[in-house]
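Data block below; observations after.
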Amino acid sequence: MTVERKIALLIDCDNVSHRSIEGVIDELSKYGKIYIRNAYGNWKNDGLKGWEEKLHPHAIRPIQQFAYTKGKNATDAAMIIDAMDLLYTRDIDAFALMTSDSDFTPLVMRILSNGITVFGFGEKKTPLPFVKACSQFVYTENIESADENEDTLKDNIKKTRNELRQDAALVKLLRTAVEQSADDNGWSHMGRVGQYIANKTSFSPLNYGYKKLGDIIRVSDLFDIKMKNGTTMYVRDARENGQ
């Protein structure tokens, strides 16, 4: 019997758009059930009107934070305190932090030190220290609804074959993962490739416009591919075959 992972979603409404919440929930649903959904901000602020409309449909609990002192972010403090409380008082298997603020980087590292996964979601302005600290990070622009009533992965952010091959860091990551996961015959089980990448970086295929790592492998055309039983994918560096 498969045990369902319990996920806590904490949202910094001051620093991330409401338009991506459907995509965030869809992505997290692949990994478990979101038992806690808290959204932090000053709900008297007109700038959070868009978020207010998303609370009830997605069973998100609003946490009010007044700006007692100008220039101080009470939202950050409240999120950090609640995250630490959850870490020690609740049986949580993974945290999801929805924010574009690098101030949460120490929190991510603290949660990770307890062996708990941290999913990060933020806008493309998010500083790299926070991005790289997360177990997996998704740029919210890539999963925003095309309009207020549609939840789709935008086709226009899909990287082409040439764009994928010109991304030196991506190519190195993929080739290293395949090499390190290979069996004696040079073939790598796709699941092991994905696990290696997950252990090494905050990589997410969504940031390249694809829903699965296997889709990127296919489109990049950097690897030989074979299928076993029609469902299990194995890959090998095409250079091994003289390509």
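In the structure tokens, each chain is lettered A, B, ... as it comes, each chain's residues begin at 1, and ligands are numbered from 1 in order of appearance.
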For A:Thr75, list every protein, DNA or RNA residue within 8 Å, evaluated using only C-alpha atoms, and leave out those in the same chain fewer than 5 positions away; present the list as a VMD selection string. chain A and resid 12 14 40 to 42 65
List the neighbours of A:Arg236 out to 12 Å using only C-alpha atoms; skip same-chain residues closer than 2 positions along the sequence, and give me the result as a PyMOL selection string. chain A and resi 174-190+193+217-218+221-227+233-234+238-243
Could you turn the residues from that selection into a file that holds N, CA and C atoms, as a short mmCIF file (atom, residue, chain, number, x, y, z; two decimals), in the first residue's frame?
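Dumped everything to part.cif:
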data_model
loop_
_atom_site.label_atom_id
_atom_site.label_comp_id
_atom_site.auth_asym_id
_atom_site.auth_seq_id
_atom_site.Cartn_x
_atom_site.Cartn_y
_atom_site.Cartn_z
N LEU A 174 22.14 16.65 -17.85
CA LEU A 174 21.49 15.47 -18.41
C LEU A 174 22.52 14.37 -18.71
N ARG A 175 23.61 14.75 -19.34
CA ARG A 175 24.63 13.75 -19.71
C ARG A 175 25.28 13.14 -18.47
N THR A 176 25.52 13.96 -17.47
CA THR A 176 26.12 13.44 -16.23
C THR A 176 25.16 12.49 -15.54
N ALA A 177 23.88 12.85 -15.50
CA ALA A 177 22.88 12.01 -14.84
C ALA A 177 22.76 10.66 -15.55
N VAL A 178 22.76 10.68 -16.87
CA VAL A 178 22.66 9.44 -17.63
C VAL A 178 23.91 8.59 -17.43
N GLU A 179 25.07 9.23 -17.45
CA GLU A 179 26.33 8.51 -17.26
C GLU A 179 26.40 7.85 -15.88
N GLN A 180 26.02 8.61 -14.85
CA GLN A 180 26.11 8.10 -13.48
C GLN A 180 25.07 7.03 -13.17
N SER A 181 24.02 6.97 -13.98
CA SER A 181 22.94 6.01 -13.73
C SER A 181 23.03 4.78 -14.64
N ALA A 182 24.05 4.74 -15.50
CA ALA A 182 24.13 3.69 -16.52
C ALA A 182 24.46 2.32 -15.95
N ASP A 183 23.95 1.28 -16.61
CA ASP A 183 24.30 -0.09 -16.26
C ASP A 183 25.55 -0.50 -17.04
N ASP A 184 25.93 -1.75 -16.98
CA ASP A 184 27.15 -2.21 -17.62
C ASP A 184 27.11 -2.08 -19.14
N ASN A 185 25.90 -1.99 -19.69
CA ASN A 185 25.75 -1.87 -21.14
C ASN A 185 25.60 -0.42 -21.59
N GLY A 186 25.69 0.50 -20.63
CA GLY A 186 25.61 1.91 -20.98
C GLY A 186 24.22 2.49 -21.01
N TRP A 187 23.21 1.68 -20.70
CA TRP A 187 21.82 2.17 -20.70
C TRP A 187 21.39 2.57 -19.29
N SER A 188 20.63 3.64 -19.21
CA SER A 188 20.18 4.16 -17.91
C SER A 188 18.66 4.12 -17.82
N HIS A 189 18.16 3.58 -16.72
CA HIS A 189 16.72 3.58 -16.45
C HIS A 189 16.29 5.02 -16.20
N MET A 190 15.21 5.45 -16.84
CA MET A 190 14.78 6.85 -16.75
C MET A 190 14.47 7.25 -15.31
N VAL A 193 17.69 8.12 -13.62
CA VAL A 193 18.19 9.41 -14.12
C VAL A 193 17.48 10.56 -13.40
N ILE A 217 14.27 14.87 -22.69
CA ILE A 217 15.22 13.91 -23.23
C ILE A 217 14.92 13.64 -24.71
N ARG A 218 13.65 13.43 -25.01
CA ARG A 218 13.25 13.13 -26.39
C ARG A 218 13.51 14.32 -27.31
N ASP A 221 17.17 15.33 -28.35
CA ASP A 221 17.80 14.45 -29.35
C ASP A 221 19.28 14.23 -29.05
N LEU A 222 19.62 14.23 -27.75
CA LEU A 222 21.01 14.00 -27.34
C LEU A 222 21.25 12.54 -26.95
N PHE A 223 20.17 11.76 -26.88
CA PHE A 223 20.28 10.41 -26.33
C PHE A 223 19.56 9.38 -27.21
N ASP A 224 20.09 8.16 -27.19
CA ASP A 224 19.38 7.03 -27.77
C ASP A 224 18.32 6.61 -26.75
N ILE A 225 17.17 6.19 -27.25
CA ILE A 225 16.07 5.81 -26.36
C ILE A 225 15.55 4.43 -26.76
N LYS A 226 15.27 3.61 -25.76
CA LYS A 226 14.60 2.34 -26.01
C LYS A 226 13.54 2.13 -24.94
N MET A 227 12.46 1.49 -25.33
CA MET A 227 11.35 1.25 -24.42
C MET A 227 11.27 -0.25 -24.12
N MET A 233 11.28 3.41 -19.87
CA MET A 233 12.18 4.11 -20.77
C MET A 233 13.63 3.98 -20.30
N TYR A 234 14.51 3.64 -21.25
CA TYR A 234 15.95 3.59 -21.01
C TYR A 234 16.63 4.55 -21.98
N ALA A 238 23.92 9.54 -26.95
CA ALA A 238 24.03 9.25 -28.38
C ALA A 238 25.47 9.22 -28.85
N ARG A 239 26.36 9.87 -28.11
CA ARG A 239 27.77 9.89 -28.49
C ARG A 239 28.39 8.51 -28.37
N GLU A 240 27.78 7.67 -27.53
CA GLU A 240 28.26 6.29 -27.40
C GLU A 240 28.05 5.50 -28.68
N ASN A 241 27.10 6.01 -29.50
CA ASN A 241 26.76 5.33 -30.75
C ASN A 241 27.37 6.06 -31.95
N GLY A 242 28.30 6.96 -31.63
CA GLY A 242 29.00 7.66 -32.69
C GLY A 242 28.25 8.82 -33.29
N GLN A 243 27.17 9.30 -32.60
CA GLN A 243 26.38 10.42 -33.12
C GLN A 243 26.89 11.74 -32.53
#
Run DSSP on the backbone of this structure and report the residues of stretch 201-240 of chain A it assigns to strand (DSSP E or B), as a CSV table (one decimal) with C-alpha atoms, in the first residue's frame.
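Output below, filename states39.csv:
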chain,number,residue,atom,x,y,z
A,223,PHE,CA,20.3,10.4,-26.3
A,224,ASP,CA,19.4,7.0,-27.8
A,225,ILE,CA,16.1,5.8,-26.4
A,226,LYS,CA,14.6,2.3,-26.0
A,227,MET,CA,11.4,1.2,-24.4
A,228,LYS,CA,10.8,-1.9,-22.4
A,232,THR,CA,9.7,1.7,-19.2
A,233,MET,CA,12.2,4.1,-20.8
A,234,TYR,CA,15.9,3.6,-21.0
A,235,VAL,CA,18.4,6.2,-22.4
A,236,ARG,CA,22.0,6.2,-23.5
A,237,ASP,CA,24.2,9.1,-24.6
My list of candidates is A:Leu164, A:Thr201, A:Thr117, A:Lys172. Which is closest to A:Ile92 when distances are computed with only C-alpha atoms? A:Thr117
Helix (DSSP H, G or I) residues, from DSSP on the backbone, in stretch 7-213 of chain A, as a VMD selection string: chain A and resid 18 to 28 46 to 55 74 to 89 102 to 112 128 to 133 140 to 143 155 to 157 161 to 166 168 to 181 190 to 200 205 to 208 213
